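J.: Before anything else, here's the structure in question.
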Amino acid sequence: MALDTLERSAPPIFRQGLSATSKLVLLALLSILLMASDHRFLISQPLRSGIAIVLSPLQWLSLQPARAVSAMGQYFGNLEAAQDAAQNFQTRTVAQAQRLQQVEQLTQENAQLRQLLELRAQIAGPSRAVEVLYDTADPYTDRIVVDRGQIGGLVQGSAVIDVAGVVGQVTRVYPLVSEVTLLTDRNQSIPVMNARTGSRHVAVGDPNMQGGALELKFVPSATDIKQGDLLTTSGIDGVYPAGLHVGTVSQIDRRVDSSFARVHATPAAQPRGRHLLVLMPIKDWPVAPEPPPESKRPGKSRASAGASAGAKP
């Protein structure tokens, strides 16, 4: 028989000590005694305090991961809230800036419209207020498109002005819109008069100058003209009423080898606004009724009759 198969435990006859039941009862009584003593005399309080002191660093270390996760979540939450607040603030700022710009634009348009109304009251002929829609896409012309056409009462050849002076002339009329050729266009010409001397000239658009200008054609070198002279419409063409501002003489070049001087002028209506005034051609203005002759006036007839009666003996 192998030695490892032999039972190494002591025989029951040699066992000593209390039984398991007795140990359980004894330990239960001891536990009750200790709990009562601790409750009465606070025996375990110093031990608990010492254990708490020893375990305090471990508790702090065990709480750090949870605190780190909570702090990280709070940080990202606050960061997102701050980004949202910054975006909302930027949106409100842009909206307020846009409103401010619109208010300034509306204020300028209101002032310009008031000036156009005052100018309209000073002109005897019929007129139409129009709004500039856009510039034409042709780079070789200087034209704009306005929001009125044949339905709006515009006719070809009408003069277009603003509060500063003459802007151009209506050259094409469609049912709903019209094209206005500006004075600075190379194909546009206008008869002008020097307000200082009364001499008449013809101004032609010169787009080659920076910003666009006017050039007076066939001006004799001996003509009395100076820089700063005001050029107005002469009214002899039947299109532009007399006295409208056209431009100011800006440059005079008198050459020895030529009998004509090159005279350039700066347009008065520059820069142009959004709202313009279209004047009907002078030939389409309503004719004012002629006053009755002196002999046919009733008051004059009575006065003459009374004078005749008083003259009789």
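Ordered as shown in the structure tokens, chains take letters A, B, and onward, while each chain numbers its residues from 1 and ligands are numbered from 1 in the order shown.
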Please provide as a list in words all residues within 12 Å of Asp224 in chain A, with the sequence filter that same-chain residues fewer than 4 positions apart are discarded (counting only C-alpha atoms).

T.: Asn194, Ala195, Arg196, Thr197, Gly198, Ser199, Arg200, Val219, Pro220, Asp229, Ile252, Arg254, Ala261 and Val263 of chain A

J.: From a DSSP pass on the backbone, collect the residues of range 61-205 of chain A flagged as strand (DSSP E or B) and hand them back as a ChimeraX atom specification.

T.: /A:127-135,143-146,159-161,166-173,178-182,189-194,200-205

J.: Tell me, as an NGL selection string, which residues lie within 10 Å of Gly153 in chain A, counting only C-alpha atoms; anything in the same chain fewer than 5 positions away does not count.

T.: :A and (127-128 or 148 or 173 or 175-176 or 280)

J.: Next, write the just-selected residues to a file, as a JSON list (two decimals), in the first residue's frame, keeping C-alpha atoms as the atom set.

T.:
```json
[["chain", "number", "residue", "atom", "x", "y", "z"],
["A", 127, "SER", "CA", -41.00, 114.29, -64.76],
["A", 128, "ARG", "CA", -40.77, 110.71, -63.48],
["A", 148, "ARG", "CA", -39.42, 102.31, -65.64],
["A", 173, "VAL", "CA", -37.02, 102.18, -73.84],
["A", 175, "PRO", "CA", -41.96, 97.94, -71.75],
["A", 176, "LEU", "CA", -40.77, 97.66, -68.13],
["A", 280, "MET", "CA", -39.73, 114.57, -70.61]]
```

J.: Skipping near chain neighbours, those fewer than 6 positions away, what residues fall within 8 Å of Ala203 in chain A using only C-alpha atoms, listed as an MDAnalysis selection string?

T.: chainID A and resid 189:192 214:217

J.: For a test of reading the model, state the distance in Å between CA of Gln74 in chain A and CA of Asn88 in chain A, rounded to one decimal.

T.: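 Those two atoms sit 20.8 Å apart.
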
J.: Using Å and a single decimal, report how far CA of Ser158 in chain A sits from CA of Val146 in chain A.

T.: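 Spanning CA of Val146 in chain A to CA of Ser158 in chain A is a straight-line distance of 12.7 Å.
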
J.: Ranking A:Ile32, A:Val145, A:Leu58, A:Ala20 by minimum distance to Ser178 in chain A and counting only C-alpha atoms, which one comes first?

T.: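 Checking each candidate against Ser178 in chain A, we get A:Val145 as the closest.
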
J.: What is the CA of Gly168 in chain A to CA of Leu154 in chain A distance in Å?

T.: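 It comes out at 14.0 Å.
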
J.: Please determine, counting only C-alpha atoms, which residue among A:Val180, A:Val170, A:Ala265, A:Ile236 has the shortest atom-to-atom distance to Pro207 in chain A.

T.: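 Smallest distance to Pro207 in chain A is found for A:Ala265.
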